Amino acid sequence: MNINIKDIITLEDDKDYIVASKVNHNNRVFYYLINLNDNNVVKFCYQEAYSLKEFNDTSLLTELTPLFVDAAKEALAN
């Protein structure tokens, strides 16, 4: 599964999301997704085999947030 920043994907809820950021952390790939129709709807997922699993672990999100910001800045600069 090769998903990159700026890609548009459809999740199991049949809604489209843009990949705002992607980071590799502790041997796992994490994604920050924003709903295309409602910017207030965001999802945080990790890649497991060939699917994405949503997570809401606040301590993990606190750890990942600066990494998501850095990855998004880098992608926008390119």
# chains A, B, ... in the order shown; residues from 1 in each chain; ligands from 1
>>> residues_around(residues="Ile3 (chain A)", least_positions_apart="5", cutoff="12 Å", atoms="only C-alpha atoms", output="ChimeraX atom specification")
/A:8-10,17-23,29-33,45-47,50-52
>>> write_last_selection(atoms="N, CA and C atoms", output="short mmCIF file (atom, residue, chain, number, x, y, z; two decimals), in the first residue's frame")
data_model
loop_
_atom_site.label_atom_id
_atom_site.label_comp_id
_atom_site.auth_asym_id
_atom_site.auth_seq_id
_atom_site.Cartn_x
_atom_site.Cartn_y
_atom_site.Cartn_z
N ILE A 8 -5.81 11.49 -2.31
CA ILE A 8 -7.20 11.44 -1.86
C ILE A 8 -7.60 9.98 -1.79
N ILE A 9 -8.13 9.59 -0.63
CA ILE A 9 -8.52 8.19 -0.43
C ILE A 9 -9.96 8.14 0.09
N THR A 10 -10.62 7.03 -0.16
CA THR A 10 -11.96 6.79 0.35
C THR A 10 -11.86 5.73 1.44
N TYR A 17 -11.07 11.54 1.85
CA TYR A 17 -10.14 12.25 2.73
C TYR A 17 -8.87 12.56 1.96
N ILE A 18 -8.29 13.69 2.28
CA ILE A 18 -6.97 14.01 1.75
C ILE A 18 -5.94 13.67 2.81
N VAL A 19 -4.82 13.15 2.36
CA VAL A 19 -3.74 12.82 3.29
C VAL A 19 -2.97 14.11 3.56
N ALA A 20 -3.17 14.68 4.74
CA ALA A 20 -2.53 15.93 5.12
C ALA A 20 -1.09 15.71 5.56
N SER A 21 -0.83 14.55 6.14
CA SER A 21 0.52 14.24 6.59
C SER A 21 0.68 12.73 6.76
N LYS A 22 1.94 12.32 6.69
CA LYS A 22 2.28 10.90 6.81
C LYS A 22 3.63 10.81 7.51
N VAL A 23 3.74 9.97 8.52
CA VAL A 23 5.02 9.80 9.21
C VAL A 23 5.29 8.33 9.49
N VAL A 29 3.53 3.18 9.96
CA VAL A 29 3.21 4.37 9.18
C VAL A 29 1.89 4.94 9.68
N PHE A 30 1.92 6.24 10.02
CA PHE A 30 0.74 6.94 10.53
C PHE A 30 0.31 8.01 9.55
N TYR A 31 -1.01 8.25 9.49
CA TYR A 31 -1.59 9.23 8.58
C TYR A 31 -2.50 10.19 9.32
N TYR A 32 -2.46 11.45 8.89
CA TYR A 32 -3.38 12.48 9.35
C TYR A 32 -4.26 12.80 8.15
N LEU A 33 -5.55 12.51 8.27
CA LEU A 33 -6.49 12.65 7.15
C LEU A 33 -7.51 13.73 7.45
N CYS A 45 -4.86 7.64 11.49
CA CYS A 45 -4.85 6.21 11.19
C CYS A 45 -3.41 5.71 11.13
N TYR A 46 -3.29 4.40 11.24
CA TYR A 46 -2.01 3.76 10.99
C TYR A 46 -2.23 2.64 9.99
N GLN A 47 -1.18 2.32 9.27
CA GLN A 47 -1.26 1.28 8.25
C GLN A 47 -1.01 -0.07 8.88
N TYR A 50 -2.70 -4.16 4.49
CA TYR A 50 -3.24 -3.39 3.36
C TYR A 50 -4.48 -2.61 3.74
N SER A 51 -4.56 -2.18 4.99
CA SER A 51 -5.71 -1.37 5.41
C SER A 51 -5.25 -0.29 6.39
N LEU A 52 -6.14 0.67 6.63
CA LEU A 52 -5.87 1.72 7.59
C LEU A 52 -6.76 1.51 8.80
#
>>> select_by_dssp(residues="chain A", states="strand (DSSP E)", output="count of residues only")
32
>>> atom_distance(atom1="CA of Ile5 (chain A)", atom2="CA of Asn35 (chain A)")
13.8 Å
>>> select_by_dssp(residues="chain A", states="alpha helix (DSSP H)", output="list in words")
Thr58, Ser59, Leu60, Leu61, Thr62, Glu63, Leu64, Thr65, Pro66, Leu67, Phe68, Val69, Asp70, Ala71, Ala72, Lys73, Glu74, Ala75, Leu76 and Ala77 of chain A
>>> write_last_selection(atoms="N, CA and C atoms", output="compact mmCIF listing (two decimals), in the first residue's frame")
# COMPACT_ATOMS: atom_id res chain seq x y z
N THR A 58 -4.48 9.59 22.86
CA THR A 58 -4.05 10.97 23.01
C THR A 58 -2.55 11.11 23.27
N SER A 59 -1.97 10.19 24.00
CA SER A 59 -0.52 10.29 24.23
C SER A 59 0.26 10.05 22.94
N LEU A 60 -0.21 9.13 22.12
CA LEU A 60 0.43 8.90 20.83
C LEU A 60 0.23 10.10 19.91
N LEU A 61 -0.97 10.68 19.91
CA LEU A 61 -1.22 11.87 19.10
C LEU A 61 -0.33 13.03 19.52
N THR A 62 -0.12 13.18 20.82
CA THR A 62 0.76 14.23 21.32
C THR A 62 2.19 14.02 20.81
N GLU A 63 2.60 12.79 20.76
CA GLU A 63 3.93 12.45 20.27
C GLU A 63 4.05 12.65 18.76
N LEU A 64 2.98 12.32 18.03
CA LEU A 64 3.02 12.39 16.57
C LEU A 64 2.77 13.78 16.00
N THR A 65 2.08 14.64 16.73
CA THR A 65 1.69 15.95 16.18
C THR A 65 2.87 16.75 15.62
N PRO A 66 3.96 16.92 16.36
CA PRO A 66 5.08 17.67 15.76
C PRO A 66 5.67 16.98 14.53
N LEU A 67 5.62 15.66 14.50
CA LEU A 67 6.12 14.93 13.33
C LEU A 67 5.21 15.14 12.13
N PHE A 68 3.88 15.14 12.37
CA PHE A 68 2.93 15.43 11.29
C PHE A 68 3.15 16.83 10.73
N VAL A 69 3.36 17.80 11.60
CA VAL A 69 3.58 19.19 11.17
C VAL A 69 4.84 19.28 10.31
N ASP A 70 5.92 18.69 10.77
CA ASP A 70 7.17 18.73 10.01
C ASP A 70 7.04 18.06 8.65
N ALA A 71 6.36 16.92 8.60
CA ALA A 71 6.18 16.20 7.33
C ALA A 71 5.32 17.01 6.36
N ALA A 72 4.29 17.66 6.88
CA ALA A 72 3.41 18.46 6.03
C ALA A 72 4.17 19.68 5.48
N LYS A 73 4.95 20.33 6.32
CA LYS A 73 5.76 21.48 5.87
C LYS A 73 6.71 21.07 4.76
N GLU A 74 7.35 19.93 4.96
CA GLU A 74 8.30 19.44 3.96
C GLU A 74 7.60 19.14 2.63
N ALA A 75 6.43 18.53 2.70
CA ALA A 75 5.69 18.20 1.48
C ALA A 75 5.23 19.46 0.75
N LEU A 76 4.82 20.47 1.50
CA LEU A 76 4.38 21.72 0.88
C LEU A 76 5.54 22.49 0.25
N ALA A 77 6.73 22.32 0.79
CA ALA A 77 7.90 23.00 0.25
C ALA A 77 8.33 22.41 -1.09
>>> closest_residue(among="A:Phe55, A:Lys15, A:Asp7, A:Met1", to="Asn37 (chain A)", atoms="only C-alpha atoms")
A:Lys15
